[in-house]
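Peer 1: Pasting in a structure now, in structure tokens, and then I'll have a few things to ask.
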Amino acid sequence: MTATTAITVGDATYVPKRRAGQRFDWGQPVVYLVALAVAALAVGPVLYVFISGFRTNPDFFANPAGMPDPWTTDNYVRVLTDPTFWNQVTASTVTALGTTLGVMLLGVMAAFGIARYDFRGREFLYAMFTTGLLFPLTISILPLTVLLRQMNLFGTWWGLIVPQVAFALPTTIIILVPFLRAIPGELEDAAMVDGTSRVGFFWRIMLPLSMPALMTVGVLAFVGSWNAYLLPLFVLQAGGAGVDSYTLPLGVQFFSTAYGQDTTGVLSYTALAMLPAILFFTLAEKRIVGGLQGAVKG
């Protein structure tokens, strides 16, 4: 959006018209230069990984900063025809979808109770979820490992899904509670007059209205699970799971260890591992912004 400056002369106010086709206010070049620099820093490494996957190893080592000469798709074809890669895609998809469904279901139910019910300790409970953001994953690895062993979940996908849901719930609650509080109480009163129970109000009215915020927390949970490395490292690799049960971040680490000299092959494997999360996040970007705006307004 371009700002315009009004000039008052006597009783008349003159507002300069923006020229047709002019999209940016070039009166603030520093702002755009900084924005372009930040965008280049964010996008540049990703493009470098994708493009380097089209190079041969001799070409890459001869000029790491150059463009492919010649362009080749051998690296990507080799990764895409590897059954282990697709098994790891399946592992990442199952754990990410399981985490997302768990976060959305448990998060909206907990947020509904905190946002719409008045009970003793409600604010303390909300503060406890907020405190969960300050609890780092690294200090919980040892007790989590012991707990998962006792539950016979160590080295399994369930042993990865359950902790990921737990660690994603604080962010989910913080986003959903303000959003649910902003929904007018008159809707609930009208539903009660029509004979709807609290559970019916939750499923028929509250849940559809909270869909923008639910999509936001769902996308964040999916991308966070897809890109997770530390937790799968301790739960799957340390738990004795096979390579075919690894998620893609672990698969990239295993591939780079097994084929350390094949640099362009590792880069192509990394690029394909990043691609689903990038596409998913890009397609759902507007839903994320809409859900966060609703939470801020609430």
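Quick note on naming: the chains in the structure tokens go A, B, ... in the order shown, residues restart at 1 in each chain, and ligands are numbered from 1 in order of appearance.
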Would you tabulate, counting only C-alpha atoms, all residues of segment 45-139 of chain A that have an atom at most 8 Å from an atom of segment 218-224 of chain A, showing the closest pair of atoms and their distance in Å to one decimal, sorted by chain then ascending number, as a Markdown table?

Peer 2:
```
| residue | atom | partner | partner_atom | distance |
| --- | --- | --- | --- | --- |
| A:Ala96 | CA | A:Phe222 | CA | 5.1 |
| A:Leu97 | CA | A:Phe222 | CA | 6.6 |
| A:Thr99 | CA | A:Ala221 | CA | 6.7 |
| A:Thr100 | CA | A:Gly218 | CA | 5.3 |
| A:Leu101 | CA | A:Gly218 | CA | 7.5 |
| A:Val103 | CA | A:Ala221 | CA | 7.1 |
| A:Met104 | CA | A:Gly218 | CA | 6.1 |
```

Peer 1: Produce a file of the selected residues containing N, CA and C atoms, as an mmCIF file, in the first residue's frame.

Peer 2:
```
data_model
loop_
_atom_site.group_PDB
_atom_site.id
_atom_site.type_symbol
_atom_site.label_atom_id
_atom_site.label_comp_id
_atom_site.auth_asym_id
_atom_site.auth_seq_id
_atom_site.Cartn_x
_atom_site.Cartn_y
_atom_site.Cartn_z
ATOM 1 N N ALA A 96 3.882 -36.451 10.579
ATOM 2 C CA ALA A 96 3.433 -35.065 10.482
ATOM 3 C C ALA A 96 1.912 -34.966 10.537
ATOM 4 N N LEU A 97 1.217 -35.858 9.812
ATOM 5 C CA LEU A 97 -0.248 -35.843 9.844
ATOM 6 C C LEU A 97 -0.777 -36.246 11.220
ATOM 7 N N THR A 99 0.757 -35.839 14.095
ATOM 8 C CA THR A 99 1.012 -34.701 14.982
ATOM 9 C C THR A 99 0.008 -33.592 14.743
ATOM 10 N N THR A 100 -0.279 -33.307 13.486
ATOM 11 C CA THR A 100 -1.208 -32.224 13.155
ATOM 12 C C THR A 100 -2.609 -32.514 13.677
ATOM 13 N N LEU A 101 -3.105 -33.728 13.452
ATOM 14 C CA LEU A 101 -4.437 -34.081 13.935
ATOM 15 C C LEU A 101 -4.506 -34.040 15.458
ATOM 16 N N VAL A 103 -2.620 -32.249 17.524
ATOM 17 C CA VAL A 103 -2.516 -30.854 17.976
ATOM 18 C C VAL A 103 -3.841 -30.123 17.769
ATOM 19 N N MET A 104 -4.455 -30.298 16.616
ATOM 20 C CA MET A 104 -5.708 -29.601 16.334
ATOM 21 C C MET A 104 -6.832 -30.080 17.251
#
```

Peer 1: Compile the contact shell of segment 139-156 of chain A as a ChimeraX atom specification: residues with an atom at most 6 Å away, counting only C-alpha atoms, same-chain residues fewer than 6 positions apart removed.

Peer 2: /A:235-236,239-241

Peer 1: Fewer than 5 positions away in the same chain doesn't count, so skip those; otherwise give me all residues within 12 Å of segment 119-133 of chain A, counting only C-alpha atoms, as a short mmCIF file (atom, residue, chain, number, x, y, z; two decimals) with all heavy atoms, in the first residue's frame.

Peer 2:
```
data_model
loop_
_atom_site.label_atom_id
_atom_site.label_comp_id
_atom_site.auth_asym_id
_atom_site.auth_seq_id
_atom_site.Cartn_x
_atom_site.Cartn_y
_atom_site.Cartn_z
N GLY A 107 -5.81 -29.42 21.05
CA GLY A 107 -5.64 -27.98 21.26
C GLY A 107 -6.96 -27.23 21.28
O GLY A 107 -7.19 -26.37 22.15
N ALA A 110 -8.92 -28.09 24.58
CA ALA A 110 -8.36 -27.42 25.74
C ALA A 110 -8.59 -25.91 25.67
O ALA A 110 -8.94 -25.27 26.68
CB ALA A 110 -6.87 -27.72 25.84
N ALA A 111 -8.40 -25.33 24.50
CA ALA A 111 -8.60 -23.89 24.35
C ALA A 111 -10.06 -23.50 24.56
O ALA A 111 -10.37 -22.43 25.10
CB ALA A 111 -8.13 -23.43 22.96
N PHE A 112 -10.99 -24.36 24.14
CA PHE A 112 -12.41 -24.09 24.33
C PHE A 112 -12.75 -24.01 25.82
O PHE A 112 -13.48 -23.12 26.27
CB PHE A 112 -13.25 -25.18 23.67
CG PHE A 112 -14.73 -25.02 23.87
CD1 PHE A 112 -15.43 -24.03 23.19
CD2 PHE A 112 -15.41 -25.85 24.74
CE1 PHE A 112 -16.80 -23.89 23.37
CE2 PHE A 112 -16.78 -25.72 24.93
CZ PHE A 112 -17.47 -24.72 24.25
N GLY A 113 -12.21 -24.93 26.61
CA GLY A 113 -12.47 -24.90 28.05
C GLY A 113 -11.89 -23.66 28.70
O GLY A 113 -12.53 -23.03 29.56
N ILE A 114 -10.68 -23.28 28.31
CA ILE A 114 -10.05 -22.10 28.92
C ILE A 114 -10.73 -20.82 28.48
O ILE A 114 -10.90 -19.88 29.26
CB ILE A 114 -8.55 -22.07 28.55
CG1 ILE A 114 -7.83 -23.28 29.16
CG2 ILE A 114 -7.90 -20.78 29.01
CD1 ILE A 114 -6.39 -23.41 28.75
N SER A 140 14.61 -32.17 28.16
CA SER A 140 13.59 -33.20 28.42
C SER A 140 13.91 -34.53 27.75
O SER A 140 13.14 -35.48 27.87
CB SER A 140 12.22 -32.71 27.94
OG SER A 140 12.21 -32.56 26.53
N ALA A 166 2.67 -32.89 22.33
CA ALA A 166 2.80 -32.24 23.63
C ALA A 166 3.59 -30.94 23.53
O ALA A 166 3.21 -29.92 24.13
CB ALA A 166 3.48 -33.19 24.63
N PHE A 167 4.68 -30.94 22.76
CA PHE A 167 5.50 -29.74 22.66
C PHE A 167 4.86 -28.67 21.76
O PHE A 167 5.22 -27.50 21.85
CB PHE A 167 6.88 -30.10 22.12
CG PHE A 167 7.81 -30.68 23.15
CD1 PHE A 167 8.05 -32.04 23.20
CD2 PHE A 167 8.40 -29.88 24.10
CE1 PHE A 167 8.88 -32.59 24.15
CE2 PHE A 167 9.25 -30.40 25.07
CZ PHE A 167 9.48 -31.76 25.10
N ALA A 168 3.92 -29.06 20.91
CA ALA A 168 3.24 -28.08 20.06
C ALA A 168 2.00 -27.48 20.72
O ALA A 168 1.50 -26.46 20.25
CB ALA A 168 2.84 -28.74 18.73
N LEU A 169 1.50 -28.09 21.79
CA LEU A 169 0.27 -27.60 22.42
C LEU A 169 0.39 -26.20 23.01
O LEU A 169 -0.57 -25.42 22.92
CB LEU A 169 -0.19 -28.58 23.50
CG LEU A 169 -0.98 -29.79 23.00
CD1 LEU A 169 -1.34 -30.71 24.16
CD2 LEU A 169 -2.25 -29.34 22.27
N PRO A 170 1.50 -25.79 23.65
CA PRO A 170 1.55 -24.42 24.17
C PRO A 170 1.30 -23.34 23.12
O PRO A 170 0.50 -22.43 23.32
CB PRO A 170 2.97 -24.33 24.75
CG PRO A 170 3.30 -25.71 25.15
CD PRO A 170 2.68 -26.58 24.09
N THR A 171 1.98 -23.45 21.98
CA THR A 171 1.76 -22.48 20.90
C THR A 171 0.32 -22.55 20.40
O THR A 171 -0.31 -21.51 20.12
CB THR A 171 2.72 -22.76 19.74
OG1 THR A 171 4.06 -22.71 20.22
CG2 THR A 171 2.54 -21.72 18.63
N THR A 172 -0.22 -23.75 20.31
CA THR A 172 -1.60 -23.94 19.84
C THR A 172 -2.59 -23.26 20.78
O THR A 172 -3.51 -22.55 20.34
CB THR A 172 -1.92 -25.43 19.74
OG1 THR A 172 -0.97 -26.05 18.85
CG2 THR A 172 -3.32 -25.64 19.20
N ILE A 173 -2.43 -23.45 22.08
CA ILE A 173 -3.34 -22.86 23.05
C ILE A 173 -3.26 -21.34 23.01
O ILE A 173 -4.29 -20.64 23.04
CB ILE A 173 -3.00 -23.37 24.47
CG1 ILE A 173 -3.19 -24.88 24.55
CG2 ILE A 173 -3.86 -22.67 25.51
CD1 ILE A 173 -4.59 -25.35 24.29
N ILE A 174 -2.06 -20.80 22.90
CA ILE A 174 -1.89 -19.35 22.88
C ILE A 174 -2.56 -18.73 21.66
O ILE A 174 -3.09 -17.61 21.72
CB ILE A 174 -0.39 -19.00 22.94
CG1 ILE A 174 0.17 -19.34 24.32
CG2 ILE A 174 -0.15 -17.53 22.62
CD1 ILE A 174 1.66 -19.15 24.43
N ILE A 175 -2.56 -19.43 20.54
CA ILE A 175 -3.20 -18.91 19.33
C ILE A 175 -4.72 -19.07 19.39
O ILE A 175 -5.48 -18.16 19.02
CB ILE A 175 -2.63 -19.62 18.09
CG1 ILE A 175 -1.17 -19.23 17.88
CG2 ILE A 175 -3.44 -19.26 16.84
CD1 ILE A 175 -0.51 -19.97 16.73
N LEU A 176 -5.18 -20.20 19.90
CA LEU A 176 -6.62 -20.51 19.84
C LEU A 176 -7.43 -19.79 20.91
O LEU A 176 -8.58 -19.41 20.65
CB LEU A 176 -6.83 -22.02 19.97
CG LEU A 176 -6.42 -22.88 18.77
CD1 LEU A 176 -6.67 -24.35 19.07
CD2 LEU A 176 -7.18 -22.47 17.52
N VAL A 177 -6.90 -19.63 22.11
CA VAL A 177 -7.70 -19.04 23.21
C VAL A 177 -8.20 -17.64 22.87
O VAL A 177 -9.40 -17.36 23.00
CB VAL A 177 -6.90 -19.07 24.52
CG1 VAL A 177 -7.56 -18.18 25.57
CG2 VAL A 177 -6.79 -20.49 25.04
N PRO A 178 -7.34 -16.70 22.44
CA PRO A 178 -7.87 -15.37 22.07
C PRO A 178 -8.88 -15.44 20.93
O PRO A 178 -9.85 -14.67 20.91
CB PRO A 178 -6.63 -14.58 21.67
CG PRO A 178 -5.50 -15.30 22.30
CD PRO A 178 -5.88 -16.74 22.30
#
```

Peer 1: So that I can see what lies close to Pro249 of chain A, please list as an MDAnalysis selection string the residues with an atom at most 7 Å from it, counting only C-alpha atoms and leaving out residues fewer than 6 positions away in the same chain.

Peer 2: chainID A and resid 227:229

Peer 1: Under the rule that only C-alpha atoms are counted, which of A:Val49, A:Val34, A:Met211, A:Ile183 is the nearest residue to Leu272 of chain A?

Peer 2: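 Of all the options, A:Val49 lies closest to Leu272 of chain A.
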
Peer 1: Can you tell me which residues surround Phe254 of chain A at a distance of at most 12 Å, considering only C-alpha atoms, apart from same-chain residues fewer than 2 positions away, and format the answer as an mmCIF file with all heavy atoms, in the first residue's frame?

Peer 2:
```cif
data_model
loop_
_atom_site.group_PDB
_atom_site.id
_atom_site.type_symbol
_atom_site.label_atom_id
_atom_site.label_comp_id
_atom_site.auth_asym_id
_atom_site.auth_seq_id
_atom_site.Cartn_x
_atom_site.Cartn_y
_atom_site.Cartn_z
ATOM 1 N N THR A 84 14.226 -46.390 -0.400
ATOM 2 C CA THR A 84 14.435 -45.877 0.958
ATOM 3 C C THR A 84 13.922 -44.445 1.084
ATOM 4 O O THR A 84 13.334 -44.066 2.110
ATOM 5 C CB THR A 84 15.923 -45.929 1.322
ATOM 6 O OG1 THR A 84 16.375 -47.286 1.244
ATOM 7 C CG2 THR A 84 16.164 -45.404 2.729
ATOM 8 N N PHE A 85 14.124 -43.646 0.047
ATOM 9 C CA PHE A 85 13.647 -42.262 0.081
ATOM 10 C C PHE A 85 12.135 -42.222 0.241
ATOM 11 O O PHE A 85 11.603 -41.454 1.052
ATOM 12 C CB PHE A 85 14.072 -41.539 -1.201
ATOM 13 C CG PHE A 85 13.464 -40.173 -1.360
ATOM 14 C CD1 PHE A 85 13.952 -39.092 -0.652
ATOM 15 C CD2 PHE A 85 12.385 -39.965 -2.219
ATOM 16 C CE1 PHE A 85 13.390 -37.824 -0.784
ATOM 17 C CE2 PHE A 85 11.817 -38.717 -2.369
ATOM 18 C CZ PHE A 85 12.325 -37.642 -1.655
ATOM 19 N N GLN A 88 10.991 -43.117 3.683
ATOM 20 C CA GLN A 88 11.192 -42.002 4.602
ATOM 21 C C GLN A 88 10.163 -40.895 4.364
ATOM 22 O O GLN A 88 9.746 -40.217 5.311
ATOM 23 C CB GLN A 88 12.619 -41.464 4.464
ATOM 24 C CG GLN A 88 13.669 -42.456 4.949
ATOM 25 C CD GLN A 88 15.080 -42.058 4.602
ATOM 26 O OE1 GLN A 88 15.320 -41.039 3.941
ATOM 27 N NE2 GLN A 88 16.042 -42.856 5.029
ATOM 28 N N TYR A 229 14.301 -32.595 13.703
ATOM 29 C CA TYR A 229 15.493 -33.450 13.600
ATOM 30 C C TYR A 229 15.916 -34.017 14.960
ATOM 31 O O TYR A 229 16.169 -35.218 15.086
ATOM 32 C CB TYR A 229 16.660 -32.661 12.999
ATOM 33 C CG TYR A 229 17.960 -33.429 13.003
ATOM 34 C CD1 TYR A 229 18.183 -34.457 12.082
ATOM 35 C CD2 TYR A 229 18.958 -33.152 13.935
ATOM 36 C CE1 TYR A 229 19.367 -35.180 12.081
ATOM 37 C CE2 TYR A 229 20.147 -33.875 13.947
ATOM 38 C CZ TYR A 229 20.341 -34.884 13.019
ATOM 39 O OH TYR A 229 21.504 -35.606 13.030
ATOM 40 N N LEU A 233 15.899 -37.970 16.095
ATOM 41 C CA LEU A 233 17.236 -38.518 16.293
ATOM 42 C C LEU A 233 17.285 -39.372 17.552
ATOM 43 O O LEU A 233 17.853 -40.473 17.555
ATOM 44 C CB LEU A 233 18.258 -37.387 16.373
ATOM 45 C CG LEU A 233 19.708 -37.787 16.641
ATOM 46 C CD1 LEU A 233 20.271 -38.572 15.463
ATOM 47 C CD2 LEU A 233 20.552 -36.546 16.926
ATOM 48 N N GLN A 237 16.373 -43.047 15.796
ATOM 49 C CA GLN A 237 17.721 -43.585 15.572
ATOM 50 C C GLN A 237 18.274 -44.229 16.849
ATOM 51 O O GLN A 237 18.760 -45.362 16.809
ATOM 52 C CB GLN A 237 18.656 -42.472 15.103
ATOM 53 C CG GLN A 237 20.026 -42.981 14.675
ATOM 54 C CD GLN A 237 20.873 -41.892 14.045
ATOM 55 O OE1 GLN A 237 20.629 -40.716 14.236
ATOM 56 N NE2 GLN A 237 21.873 -42.288 13.287
ATOM 57 N N GLY A 242 14.780 -48.926 12.002
ATOM 58 C CA GLY A 242 15.503 -49.110 10.755
ATOM 59 C C GLY A 242 15.555 -47.841 9.930
ATOM 60 O O GLY A 242 14.799 -46.891 10.157
ATOM 61 N N VAL A 243 16.448 -47.838 8.959
ATOM 62 C CA VAL A 243 16.618 -46.654 8.106
ATOM 63 C C VAL A 243 15.329 -46.336 7.361
ATOM 64 O O VAL A 243 14.996 -45.167 7.154
ATOM 65 C CB VAL A 243 17.782 -46.870 7.115
ATOM 66 C CG1 VAL A 243 17.913 -45.685 6.176
ATOM 67 C CG2 VAL A 243 19.077 -47.103 7.862
ATOM 68 N N ASP A 244 14.586 -47.339 6.976
ATOM 69 C CA ASP A 244 13.336 -47.113 6.252
ATOM 70 C C ASP A 244 12.274 -46.461 7.126
ATOM 71 O O ASP A 244 11.278 -45.948 6.600
ATOM 72 C CB ASP A 244 12.793 -48.443 5.715
ATOM 73 C CG ASP A 244 13.631 -48.971 4.555
ATOM 74 O OD1 ASP A 244 14.388 -48.176 3.976
ATOM 75 O OD2 ASP A 244 13.542 -50.179 4.254
ATOM 76 N N SER A 245 12.449 -46.487 8.442
ATOM 77 C CA SER A 245 11.498 -45.852 9.354
ATOM 78 C C SER A 245 11.913 -44.444 9.737
ATOM 79 O O SER A 245 11.190 -43.777 10.491
ATOM 80 C CB SER A 245 11.340 -46.700 10.629
ATOM 81 O OG SER A 245 10.828 -47.981 10.336
ATOM 82 N N TYR A 246 13.072 -43.983 9.245
ATOM 83 C CA TYR A 246 13.529 -42.631 9.555
ATOM 84 C C TYR A 246 12.636 -41.606 8.870
ATOM 85 O O TYR A 246 12.088 -41.850 7.791
ATOM 86 C CB TYR A 246 14.965 -42.419 9.067
ATOM 87 C CG TYR A 246 16.031 -43.104 9.889
ATOM 88 C CD1 TYR A 246 15.712 -43.881 11.000
ATOM 89 C CD2 TYR A 246 17.368 -42.977 9.552
ATOM 90 C CE1 TYR A 246 16.699 -44.509 11.741
ATOM 91 C CE2 TYR A 246 18.365 -43.606 10.278
ATOM 92 C CZ TYR A 246 18.025 -44.370 11.372
ATOM 93 O OH TYR A 246 19.008 -44.992 12.103
ATOM 94 N N THR A 247 12.516 -40.449 9.490
ATOM 95 C CA THR A 247 11.906 -39.316 8.809
ATOM 96 C C THR A 247 12.943 -38.687 7.873
ATOM 97 O O THR A 247 14.135 -38.997 7.955
ATOM 98 C CB THR A 247 11.409 -38.280 9.823
ATOM 99 O OG1 THR A 247 12.500 -37.879 10.664
ATOM 100 C CG2 THR A 247 10.294 -38.855 10.689
ATOM 101 N N LEU A 248 12.507 -37.787 7.020
ATOM 102 C CA LEU A 248 13.405 -37.248 6.002
ATOM 103 C C LEU A 248 14.609 -36.481 6.561
ATOM 104 O O LEU A 248 15.714 -36.618 6.021
ATOM 105 C CB LEU A 248 12.615 -36.355 5.041
ATOM 106 C CG LEU A 248 11.853 -37.121 3.953
ATOM 107 C CD1 LEU A 248 10.957 -36.189 3.162
ATOM 108 C CD2 LEU A 248 12.822 -37.834 3.011
ATOM 109 N N PRO A 249 14.462 -35.661 7.610
ATOM 110 C CA PRO A 249 15.673 -35.023 8.151
ATOM 111 C C PRO A 249 16.720 -36.038 8.604
ATOM 112 O O PRO A 249 17.919 -35.845 8.375
ATOM 113 C CB PRO A 249 15.133 -34.201 9.330
ATOM 114 C CG PRO A 249 13.735 -33.877 8.939
ATOM 115 C CD PRO A 249 13.248 -35.092 8.220
ATOM 116 N N LEU A 250 16.274 -37.124 9.229
ATOM 117 C CA LEU A 250 17.218 -38.183 9.585
ATOM 118 C C LEU A 250 17.751 -38.881 8.338
ATOM 119 O O LEU A 250 18.913 -39.285 8.286
ATOM 120 C CB LEU A 250 16.539 -39.206 10.493
ATOM 121 C CG LEU A 250 16.423 -38.883 11.982
ATOM 122 C CD1 LEU A 250 15.817 -40.057 12.731
ATOM 123 C CD2 LEU A 250 17.762 -38.515 12.566
ATOM 124 N N GLY A 251 16.885 -39.026 7.333
ATOM 125 C CA GLY A 251 17.315 -39.641 6.084
ATOM 126 C C GLY A 251 18.405 -38.841 5.395
ATOM 127 O O GLY A 251 19.352 -39.418 4.836
ATOM 128 N N VAL A 252 18.282 -37.525 5.440
ATOM 129 C CA VAL A 252 19.318 -36.672 4.850
ATOM 130 C C VAL A 252 20.638 -36.865 5.580
ATOM 131 O O VAL A 252 21.703 -36.974 4.966
ATOM 132 C CB VAL A 252 18.879 -35.195 4.901
ATOM 133 C CG1 VAL A 252 20.024 -34.286 4.496
ATOM 134 C CG2 VAL A 252 17.676 -34.968 3.996
ATOM 135 N N SER A 256 23.938 -38.391 3.830
ATOM 136 C CA SER A 256 25.184 -37.615 3.765
ATOM 137 C C SER A 256 26.337 -38.343 4.428
ATOM 138 O O SER A 256 27.499 -38.164 4.043
ATOM 139 C CB SER A 256 24.980 -36.250 4.434
ATOM 140 O OG SER A 256 24.663 -36.408 5.804
ATOM 141 N N THR A 257 26.036 -39.182 5.434
ATOM 142 C CA THR A 257 27.088 -39.974 6.077
ATOM 143 C C THR A 257 27.520 -41.135 5.188
ATOM 144 O O THR A 257 28.713 -41.437 5.061
ATOM 145 C CB THR A 257 26.597 -40.502 7.434
ATOM 146 O OG1 THR A 257 26.199 -39.403 8.266
ATOM 147 C CG2 THR A 257 27.687 -41.297 8.131
ATOM 148 N N ALA A 258 26.540 -41.789 4.571
ATOM 149 C CA ALA A 258 26.849 -42.952 3.736
ATOM 150 C C ALA A 258 27.498 -42.564 2.416
ATOM 151 O O ALA A 258 28.306 -43.327 1.870
ATOM 152 C CB ALA A 258 25.571 -43.759 3.485
ATOM 153 N N TYR A 259 27.124 -41.392 1.896
ATOM 154 C CA TYR A 259 27.646 -40.954 0.589
ATOM 155 C C TYR A 259 28.268 -39.569 0.739
ATOM 156 O O TYR A 259 27.887 -38.613 0.062
ATOM 157 C CB TYR A 259 26.528 -40.923 -0.452
ATOM 158 C CG TYR A 259 25.797 -42.235 -0.602
ATOM 159 C CD1 TYR A 259 24.602 -42.472 0.078
ATOM 160 C CD2 TYR A 259 26.303 -43.249 -1.405
ATOM 161 C CE1 TYR A 259 23.928 -43.675 -0.046
ATOM 162 C CE2 TYR A 259 25.637 -44.458 -1.533
ATOM 163 C CZ TYR A 259 24.458 -44.663 -0.848
ATOM 164 O OH TYR A 259 23.794 -45.860 -0.968
ATOM 165 N N GLY A 260 29.224 -39.477 1.656
ATOM 166 C CA GLY A 260 29.834 -38.185 1.968
ATOM 167 C C GLY A 260 30.558 -37.542 0.805
ATOM 168 O O GLY A 260 30.651 -36.312 0.723
ATOM 169 N N VAL A 266 23.899 -35.435 -2.202
ATOM 170 C CA VAL A 266 23.381 -35.024 -0.890
ATOM 171 C C VAL A 266 22.532 -33.765 -1.019
ATOM 172 O O VAL A 266 21.475 -33.639 -0.392
ATOM 173 C CB VAL A 266 24.545 -34.797 0.094
ATOM 174 C CG1 VAL A 266 24.032 -34.202 1.403
ATOM 175 C CG2 VAL A 266 25.281 -36.102 0.359
ATOM 176 N N TYR A 269 19.185 -34.688 -2.486
ATOM 177 C CA TYR A 269 18.379 -35.360 -1.459
ATOM 178 C C TYR A 269 17.804 -34.326 -0.492
ATOM 179 O O TYR A 269 16.627 -34.387 -0.124
ATOM 180 C CB TYR A 269 19.262 -36.360 -0.706
ATOM 181 C CG TYR A 269 18.509 -37.474 -0.013
ATOM 182 C CD1 TYR A 269 18.503 -38.748 -0.540
ATOM 183 C CD2 TYR A 269 17.815 -37.253 1.175
ATOM 184 C CE1 TYR A 269 17.831 -39.788 0.080
ATOM 185 C CE2 TYR A 269 17.142 -38.274 1.805
ATOM 186 C CZ TYR A 269 17.147 -39.542 1.262
ATOM 187 O OH TYR A 269 16.465 -40.552 1.882
ATOM 188 N N THR A 270 18.623 -33.365 -0.104
ATOM 189 C CA THR A 270 18.170 -32.305 0.802
ATOM 190 C C THR A 270 17.093 -31.452 0.155
ATOM 191 O O THR A 270 16.095 -31.085 0.804
ATOM 192 C CB THR A 270 19.361 -31.418 1.200
ATOM 193 O OG1 THR A 270 20.396 -32.232 1.770
ATOM 194 C CG2 THR A 270 18.938 -30.350 2.203
#
```

Peer 1: Rounded to one decimal in Å, what is the spacing between atom CA of Val79 of chain A and atom CA of Gly98 of chain A?

Peer 2: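 Taking atom CA of Val79 of chain A and atom CA of Gly98 of chain A, their separation equals 25.7 Å.
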
Peer 1: Rounded to one decimal in Å, what is the spacing between atom CA of Pro68 of chain A and atom CA of Phe54 of chain A?

Peer 2: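 Distance reported for this atom pair: 6.3 Å.
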